[in-house]
file structure06.txt (compact mmCIF, C-alpha atoms)
# COMPACT_ATOMS: atom_id res chain seq x y z
CA MET A 1048 -12.52 21.46 21.57
CA VAL A 1049 -12.92 17.73 21.12
CA ASP A 1050 -10.99 15.40 23.43
CA PRO A 1051 -10.95 12.05 21.61
CA GLU A 1052 -9.07 10.34 24.44
CA ARG A 1053 -11.85 11.08 26.90
CA ASP A 1054 -14.27 9.01 24.81
CA LEU A 1055 -12.11 5.88 24.71
CA ASN A 1056 -13.23 2.85 26.69
CA LEU A 1057 -10.79 0.66 28.61
CA HIS A 1058 -9.67 -1.30 25.58
CA GLY A 1059 -9.35 1.92 23.65
CA LYS A 1060 -7.11 3.39 26.31
CA ALA A 1061 -5.03 0.21 26.24
CA TRP A 1062 -4.80 0.55 22.48
CA LEU A 1063 -3.71 4.13 22.82
CA ALA A 1064 -0.98 3.24 25.30
CA PHE A 1065 0.20 0.61 22.84
CA ALA A 1066 -0.18 2.80 19.78
CA ILE A 1067 1.90 5.52 21.33
CA GLY A 1068 4.75 3.02 21.23
CA PRO A 1069 8.28 3.99 20.32
CA GLN A 1070 9.08 7.06 18.30
CA ARG A 1071 9.17 6.19 14.60
CA GLU A 1072 11.86 7.56 12.36
CA ARG A 1073 10.96 10.16 9.77
CA PRO A 1074 9.30 8.56 6.72
CA SER A 1075 10.06 9.03 3.07
CA LEU A 1076 7.58 10.60 0.68
CA HIS A 1077 6.51 9.70 -2.81
CA ARG A 1078 5.93 13.00 -4.64
CA MET A 1079 3.08 12.38 -7.04
CA GLU A 1080 3.63 14.15 -10.35
CA LYS A 1081 0.27 13.73 -12.02
CA PRO A 1082 -2.60 16.02 -11.03
CA LEU A 1083 -5.33 14.78 -8.73
CA SER A 1084 -7.76 15.29 -11.59
CA SER A 1085 -6.16 12.38 -13.42
CA SER A 1086 -5.22 10.28 -10.39
CA ARG A 1087 -6.85 7.17 -9.00
CA LEU A 1088 -7.84 7.32 -5.35
CA ALA A 1089 -8.42 4.52 -2.88
CA LEU A 1090 -9.78 4.87 0.64
CA VAL A 1091 -8.41 2.85 3.52
CA THR A 1092 -10.20 3.12 6.83
CA THR A 1093 -9.89 1.29 10.10
CA GLY A 1094 -13.56 1.77 10.83
CA GLY A 1095 -14.34 -1.96 10.84
CA PHE A 1096 -16.59 -1.94 7.75
CA VAL A 1097 -17.66 -5.25 6.25
CA PRO A 1098 -19.85 -5.84 3.19
CA GLN A 1099 -23.24 -7.20 4.13
CA GLY A 1100 -22.88 -10.89 4.92
CA GLY A 1101 -19.09 -10.72 4.84
CA LYS A 1102 -16.76 -12.17 7.44
CA PRO A 1103 -16.98 -10.11 10.64
CA PHE A 1104 -13.86 -8.71 12.22
CA LYS A 1105 -12.79 -10.37 15.44
CA THR A 1106 -13.55 -7.82 18.13
CA GLY A 1107 -11.99 -9.61 21.10
CA LYS A 1108 -9.02 -8.43 23.10
CA LEU A 1109 -6.53 -9.82 20.59
CA GLY A 1110 -7.98 -7.66 17.84
CA ASP A 1111 -7.86 -8.45 14.13
CA ALA A 1112 -5.17 -7.45 11.62
CA THR A 1113 -7.07 -8.54 8.50
CA PHE A 1114 -8.80 -6.24 6.06
CA ARG A 1115 -11.98 -6.35 4.01
CA GLU A 1116 -12.46 -5.38 0.39
CA ILE A 1117 -15.37 -3.05 -0.27
CA PRO A 1118 -16.40 -2.79 -3.93
CA VAL A 1119 -16.73 0.87 -4.81
CA ASP A 1120 -20.30 0.38 -6.02
CA THR A 1121 -21.40 -1.17 -2.73
CA ASP A 1122 -24.60 0.14 -1.20
CA VAL A 1123 -22.89 1.88 1.70
CA ASP A 1124 -26.08 1.92 3.73
CA ARG A 1125 -25.80 -1.86 3.94
CA LEU A 1126 -22.23 -2.04 5.20
CA GLU A 1127 -21.86 -3.66 8.58
CA ILE A 1128 -19.55 -2.31 11.28
CA TYR A 1129 -17.47 -4.49 13.59
CA HIS A 1130 -15.36 -2.29 15.83
CA PRO A 1131 -15.83 -2.25 19.59
CA HIS A 1132 -14.02 0.98 20.38
CA TYR A 1133 -15.98 3.84 18.88
CA ASP A 1134 -19.60 4.94 18.59
CA HIS A 1135 -21.05 3.73 15.28
CA GLU A 1136 -23.98 6.09 15.32
CA LEU A 1137 -22.44 8.90 13.27
CA PRO A 1138 -21.07 6.80 10.39
CA ARG A 1139 -24.34 4.88 10.30
CA ARG A 1140 -26.14 8.17 9.78
CA ASP A 1141 -23.67 9.34 7.17
CA ILE A 1142 -20.77 7.18 6.09
CA ASN A 1143 -18.96 10.22 4.71
CA VAL A 1144 -17.88 11.12 8.23
CA LEU A 1145 -15.44 8.22 8.21
CA PHE A 1146 -15.39 6.27 4.95
CA PRO A 1147 -16.28 8.87 2.31
CA ILE A 1148 -16.97 6.72 -0.72
CA PRO A 1149 -20.06 8.71 -1.84
CA LEU A 1150 -18.34 12.04 -1.27
CA CYS A 1151 -15.26 11.01 -3.22
CA GLN A 1152 -17.42 9.70 -6.04
CA GLU A 1153 -18.94 13.18 -6.22
CA LEU A 1154 -15.44 14.64 -6.40
CA VAL A 1155 -14.72 12.30 -9.30
CA ASP A 1156 -17.92 13.41 -11.01
CA ALA A 1157 -16.88 17.02 -10.47
CA GLY A 1158 -13.48 16.37 -12.05
CA ALA A 1159 -11.46 17.03 -8.90
CA ILE A 1160 -10.24 13.41 -8.74
CA GLY A 1161 -9.56 11.23 -11.77
CA SER A 1162 -11.23 8.04 -10.54
CA LEU A 1163 -11.92 5.86 -7.57
CA ALA A 1164 -10.34 2.43 -7.43
CA ALA A 1165 -12.72 -0.45 -7.99
CA THR A 1166 -12.04 -1.61 -4.45
CA GLN A 1167 -11.91 0.31 -1.19
CA TYR A 1168 -10.55 -1.18 2.02
CA SER A 1169 -11.33 -1.42 5.70
CA PHE A 1170 -9.40 -2.69 8.65
CA MET A 1171 -10.73 -2.77 12.19
CA GLY A 1172 -8.58 -0.35 14.12
CA TYR A 1173 -8.02 -2.37 17.27
CA ILE A 1174 -4.85 -4.26 16.34
CA PRO A 1175 -2.78 -4.67 19.49
CA LEU A 1176 -0.62 -7.34 17.87
CA THR A 1177 0.85 -5.75 14.78
CA ARG A 1178 3.28 -8.36 13.48
CA LYS A 1179 0.85 -9.91 11.01
CA LEU A 1180 -0.29 -6.47 9.95
CA GLU A 1181 3.26 -5.48 9.15
CA THR A 1182 4.40 -8.74 7.57
CA VAL A 1183 1.27 -10.06 5.87
CA TYR A 1184 -1.74 -7.79 5.55
CA ALA A 1185 -0.20 -4.38 4.87
CA PRO A 1186 2.06 -5.79 2.12
CA ARG A 1187 -0.92 -7.70 0.69
CA LEU A 1188 -3.02 -4.56 0.61
CA VAL A 1189 -0.28 -2.47 -0.99
CA GLU A 1190 0.12 -5.14 -3.65
CA ARG A 1191 -3.59 -4.89 -4.43
CA LEU A 1192 -3.36 -1.10 -4.61
CA LYS A 1193 -0.50 -1.44 -7.09
CA ASN A 1194 -2.46 -3.94 -9.16
CA GLU A 1195 -5.37 -1.50 -9.32
CA LYS A 1196 -2.96 1.28 -10.34
CA VAL A 1197 -3.86 3.43 -7.38
CA ASP A 1198 -1.98 6.73 -7.24
CA VAL A 1199 -3.10 8.11 -3.91
CA VAL A 1200 -4.57 6.71 -0.72
CA LEU A 1201 -6.63 8.58 1.85
CA LEU A 1202 -6.45 6.87 5.23
CA THR A 1203 -9.02 7.44 7.94
CA PRO A 1204 -7.97 5.53 11.04
CA THR A 1205 -10.27 5.28 14.03
CA MET B 1203 0.88 0.57 5.61
CA ALA B 1204 1.24 4.19 4.49
CA ARG B 1205 5.03 4.01 4.65
CA LEU B 1206 5.05 0.83 2.59
CA ALA B 1207 2.69 2.36 0.02
CA GLU B 1208 4.94 5.40 -0.34
CA SER B 1209 7.93 3.15 -0.92
CA GLU B 1210 5.97 1.49 -3.73
CA GLY B 1211 5.14 4.79 -5.44
CA ILE B 1212 1.70 5.43 -3.96
CA ALA B 1213 1.20 8.76 -2.23
CA THR B 1214 -0.73 8.73 1.03
CA VAL B 1215 -2.36 11.13 3.44
CA CYS B 1216 -3.78 10.22 6.80
CA ILE B 1217 -6.52 12.06 8.69
CA MET B 1218 -5.94 11.68 12.42
CA ASN B 1219 -7.35 13.14 15.62
CA LEU B 1220 -4.72 12.33 18.26
CA ARG B 1221 -1.64 14.51 18.07
CA LYS B 1222 0.51 12.41 20.38
CA VAL B 1223 -0.15 9.30 18.31
CA ALA B 1224 0.44 11.20 15.08
CA GLU B 1225 3.74 12.53 16.40
CA ARG B 1226 4.94 9.08 17.41
CA ILE B 1227 3.96 7.12 14.34
CA LEU B 1228 4.86 9.88 11.86
CA ALA B 1229 2.77 8.85 8.91
CA PRO B 1230 4.12 10.29 5.65
CA ARG B 1231 1.51 13.09 5.64
CA THR B 1232 -1.03 13.76 8.38
CA LEU B 1233 -3.95 16.15 8.53
CA LEU B 1234 -4.76 16.59 12.21
CA VAL B 1235 -8.41 17.27 12.92
CA ASP B 1236 -10.39 18.29 15.97
CA ARG B 1237 -12.96 15.55 15.62
CA PRO B 1238 -14.01 12.45 17.62
CA PHE B 1239 -13.26 8.84 16.75
CA GLY B 1240 -15.73 7.50 14.22
CA ALA B 1241 -16.49 10.86 12.66
CA LEU B 1242 -13.16 12.32 11.62
CA LEU B 1243 -14.54 14.14 8.61
CA GLY B 1244 -17.30 16.12 10.24
CA GLN B 1245 -20.93 15.98 11.21
CA PRO B 1246 -23.43 13.75 9.38
CA GLY B 1247 -24.98 15.70 6.56
CA ASP B 1248 -22.37 18.45 6.56
CA ARG B 1249 -21.31 17.71 3.03
CA ALA B 1250 -19.54 21.04 2.55
CA GLY B 1251 -17.49 20.59 5.70
CA GLN B 1252 -16.63 17.00 4.83
CA GLU B 1253 -15.62 17.96 1.31
CA ALA B 1254 -13.45 20.79 2.56
CA MET B 1255 -11.59 18.39 4.82
CA VAL B 1256 -11.09 15.77 2.12
CA ARG B 1257 -9.84 18.45 -0.27
CA ALA B 1258 -7.45 19.76 2.40
CA ALA B 1259 -6.09 16.26 2.96
CA LEU B 1260 -5.63 15.58 -0.74
CA ALA B 1261 -4.03 18.98 -1.22
CA MET B 1262 -1.20 17.83 1.04
CA VAL B 1263 -0.37 15.16 -1.53
CA LYS B 1264 0.23 17.79 -4.19
CA ASP B 1265 1.86 20.39 -1.94
CA PRO B 1266 5.59 20.48 -2.73
CA THR B 1267 6.32 22.24 0.57
CA VAL B 1268 5.09 19.28 2.66
CA GLU B 1269 7.93 17.72 4.59
CA PRO B 1270 8.17 13.96 5.21
CA GLY B 1271 6.15 13.17 8.31
CA GLU B 1272 4.47 16.57 8.34
CA ILE B 1273 1.50 16.95 10.67
CA ARG B 1274 -0.70 19.80 9.50
CA ALA B 1275 -3.46 21.04 11.76
CA TYR B 1276 -6.70 21.37 9.86
CA ALA B 1277 -8.10 24.86 9.93
CA PRO B 1278 -11.56 25.01 8.38
CA ALA B 1279 -12.48 28.20 6.59
CA ALA B 1280 -14.43 30.58 8.79
call {"tool": "encode", "arguments": {"input": "structure06.txt", "output": "structure tokens"}}
result
Amino acid sequence: MVDPERDLNLHGKAWLAFAIGPQRERPSLHRMEKPLSSSRLALVTTGGFVPQGGKPFKTGKLGDATFREIPVDTDVDRLEIYHPHYDHELPRRDINVLFPIPLCQELVDAGAIGSLAATQYSFMGYIPLTRKLETVYAPRLVERLKNEKVDVVLLTPT
Amino acid sequence: MARLAESEGIATVCIMNLRKVAERILAPRTLLVDRPFGALLGQPGDRAGQEAMVRAALAMVKDPTVEPGEIRAYAPAA
């Protein structure tokens, strides 16, 4: 049995205490009518991925609420990772363990998913101050998803 | 972000590994996995296991029995 909390460093534990936060009310659901085989998928991770040479995430104690755009045809072996609160070794060995662009492309090729959006997205998951995330960056990202006619999003926070 | 996307007509599913966080934030749909941070989808190179998890997550999007805020524990096939 994995105990993810045990592996958190001090900042990670602080994040967890913050993330626990107040109890959220029950959300609403959008029931997608079209089949997955004709739907467009986008991935959103908080793994701290940045295209090679792109602007690094701020990894200090104030965190970073911004996101990076990852073109779907990016060479995933050349993505950089800026996230101080998890071990990067496993996603460096195989990005599918966290940001499964190659795997999902295979599912598209196999006909299980209609298409992948032209752009995939990464945040850096240490965001202790969430106001800008809620008021600026999340709405901006959702607008981009709408513009790319994304039907479904798979989120992999870490 | 997931709640906002749902309100704009985009279905979402979140793979998470901390039950107490999942229960507090109540994302629209959550697949709860027994995996460490940084490698939620499985071991490097375990393509079959990774694919099974992604398929299980996406299946929640099309499952009409899923309740808003449902947290489903991932049970890999034996």
call {"tool": "residues_around", "arguments": {"input": "structure06.txt", "residues": "Cys1216 (chain B)", "least_positions_apart": "2", "cutoff": "6 Å", "atoms": "all atoms listed in the file", "output": "JSON, numbers by chain"}}
result
{"A": [1201, 1202], "B": [1232]}
call {"tool": "closest_atom_pairs", "arguments": {"input": "structure06.txt", "of": "chain A", "to": "chain B", "cutoff": "6 Å", "atoms": "only C-alpha atoms", "output": "CSV"}}
result
residue,atom,partner,partner_atom,distance
A:Val1049,CA,B:Asp1236,CA,5.8
A:Pro1051,CA,B:Pro1238,CA,5.0
A:Ile1067,CA,B:Val1223,CA,5.3
A:Gln1070,CA,B:Arg1226,CA,4.7
A:Arg1071,CA,B:Ile1227,CA,5.3
A:Arg1073,CA,B:Gly1271,CA,5.9
A:Pro1074,CA,B:Pro1230,CA,5.6
A:Ser1075,CA,B:Pro1270,CA,5.7
A:Leu1076,CA,B:Pro1270,CA,5.7
A:His1077,CA,B:Glu1208,CA,5.2
A:Tyr1133,CA,B:Gly1240,CA,5.9
A:Asp1141,CA,B:Pro1246,CA,4.9
A:Val1144,CA,B:Leu1243,CA,4.5
A:Leu1145,CA,B:Ala1241,CA,5.3
A:Ala1185,CA,B:Met1203,CA,5.1
A:Val1189,CA,B:Ala1207,CA,5.8
A:Asp1198,CA,B:Ile1212,CA,5.1
A:Val1199,CA,B:Ala1213,CA,4.7
A:Val1200,CA,B:Thr1214,CA,4.7
A:Leu1201,CA,B:Val1215,CA,5.2
A:Leu1202,CA,B:Cys1216,CA,4.6
A:Thr1203,CA,B:Ile1217,CA,5.3
A:Thr1205,CA,B:Phe1239,CA,5.4
call {"tool": "atom_distance", "arguments": {"input": "structure06.txt", "atom1": "CA of Ile1142 (chain A)", "atom2": "CA of Thr1092 (chain A)"}}
result
11.3 Å
call {"tool": "residues_around", "arguments": {"input": "structure06.txt", "residues": "Gly1095 (chain A)", "least_positions_apart": "6", "cutoff": "12 Å", "atoms": "all atoms listed in the file", "output": "ChimeraX atom specification"}}
result
/A:1101-1106,1110-1117,1126-1135,1138,1145-1146,1168-1174,1203-1205 /B:1240
call {"tool": "atom_distance", "arguments": {"input": "structure06.txt", "atom1": "CA of Ala1165 (chain A)", "atom2": "CA of Leu1192 (chain A)"}}
result
10.0 Å
call {"tool": "build_atoms", "arguments": {"input": "structure06.txt", "residues": "region 1255-1273 of chain B", "atoms": "N, CA and C atoms", "output": "short mmCIF file (atom, residue, chain, number, x, y, z; two decimals), in the coordinates of the input"}}
result
data_model
loop_
_atom_site.label_atom_id
_atom_site.label_comp_id
_atom_site.auth_asym_id
_atom_site.auth_seq_id
_atom_site.Cartn_x
_atom_site.Cartn_y
_atom_site.Cartn_z
N MET B 1255 -12.64 19.14 4.14
CA MET B 1255 -11.59 18.39 4.82
C MET B 1255 -10.91 17.41 3.88
N VAL B 1256 -11.69 16.71 3.07
CA VAL B 1256 -11.09 15.77 2.12
C VAL B 1256 -10.19 16.53 1.13
N ARG B 1257 -10.66 17.66 0.67
CA ARG B 1257 -9.84 18.45 -0.27
C ARG B 1257 -8.55 18.92 0.41
N ALA B 1258 -8.65 19.31 1.69
CA ALA B 1258 -7.45 19.76 2.40
C ALA B 1258 -6.45 18.61 2.56
N ALA B 1259 -6.98 17.42 2.82
CA ALA B 1259 -6.09 16.26 2.96
C ALA B 1259 -5.41 15.95 1.63
N LEU B 1260 -6.20 15.91 0.57
CA LEU B 1260 -5.63 15.58 -0.74
C LEU B 1260 -4.67 16.66 -1.23
N ALA B 1261 -4.94 17.89 -0.82
CA ALA B 1261 -4.03 18.98 -1.22
C ALA B 1261 -2.63 18.76 -0.67
N MET B 1262 -2.53 18.10 0.48
CA MET B 1262 -1.20 17.83 1.04
C MET B 1262 -0.38 16.94 0.11
N VAL B 1263 -1.08 16.07 -0.63
CA VAL B 1263 -0.37 15.16 -1.53
C VAL B 1263 0.31 15.93 -2.65
N LYS B 1264 -0.30 17.02 -3.06
CA LYS B 1264 0.23 17.79 -4.19
C LYS B 1264 1.03 19.01 -3.74
N ASP B 1265 1.16 19.21 -2.46
CA ASP B 1265 1.86 20.39 -1.94
C ASP B 1265 3.36 20.11 -1.88
N PRO B 1266 4.15 20.78 -2.71
CA PRO B 1266 5.59 20.48 -2.73
C PRO B 1266 6.32 20.94 -1.48
N THR B 1267 5.66 21.76 -0.66
CA THR B 1267 6.32 22.24 0.57
C THR B 1267 6.14 21.27 1.73
N VAL B 1268 5.31 20.24 1.57
CA VAL B 1268 5.09 19.28 2.66
C VAL B 1268 6.37 18.50 2.92
N GLU B 1269 6.74 18.46 4.19
CA GLU B 1269 7.93 17.72 4.59
C GLU B 1269 7.55 16.28 4.95
N PRO B 1270 8.47 15.34 4.80
CA PRO B 1270 8.17 13.96 5.21
C PRO B 1270 7.75 13.90 6.69
N GLY B 1271 6.63 13.28 6.94
CA GLY B 1271 6.15 13.17 8.31
C GLY B 1271 5.42 14.41 8.81
N GLU B 1272 5.11 15.31 7.91
CA GLU B 1272 4.47 16.57 8.34
C GLU B 1272 3.08 16.30 8.93
N ILE B 1273 2.81 17.00 10.03
CA ILE B 1273 1.50 16.95 10.67
C ILE B 1273 0.92 18.35 10.56
#
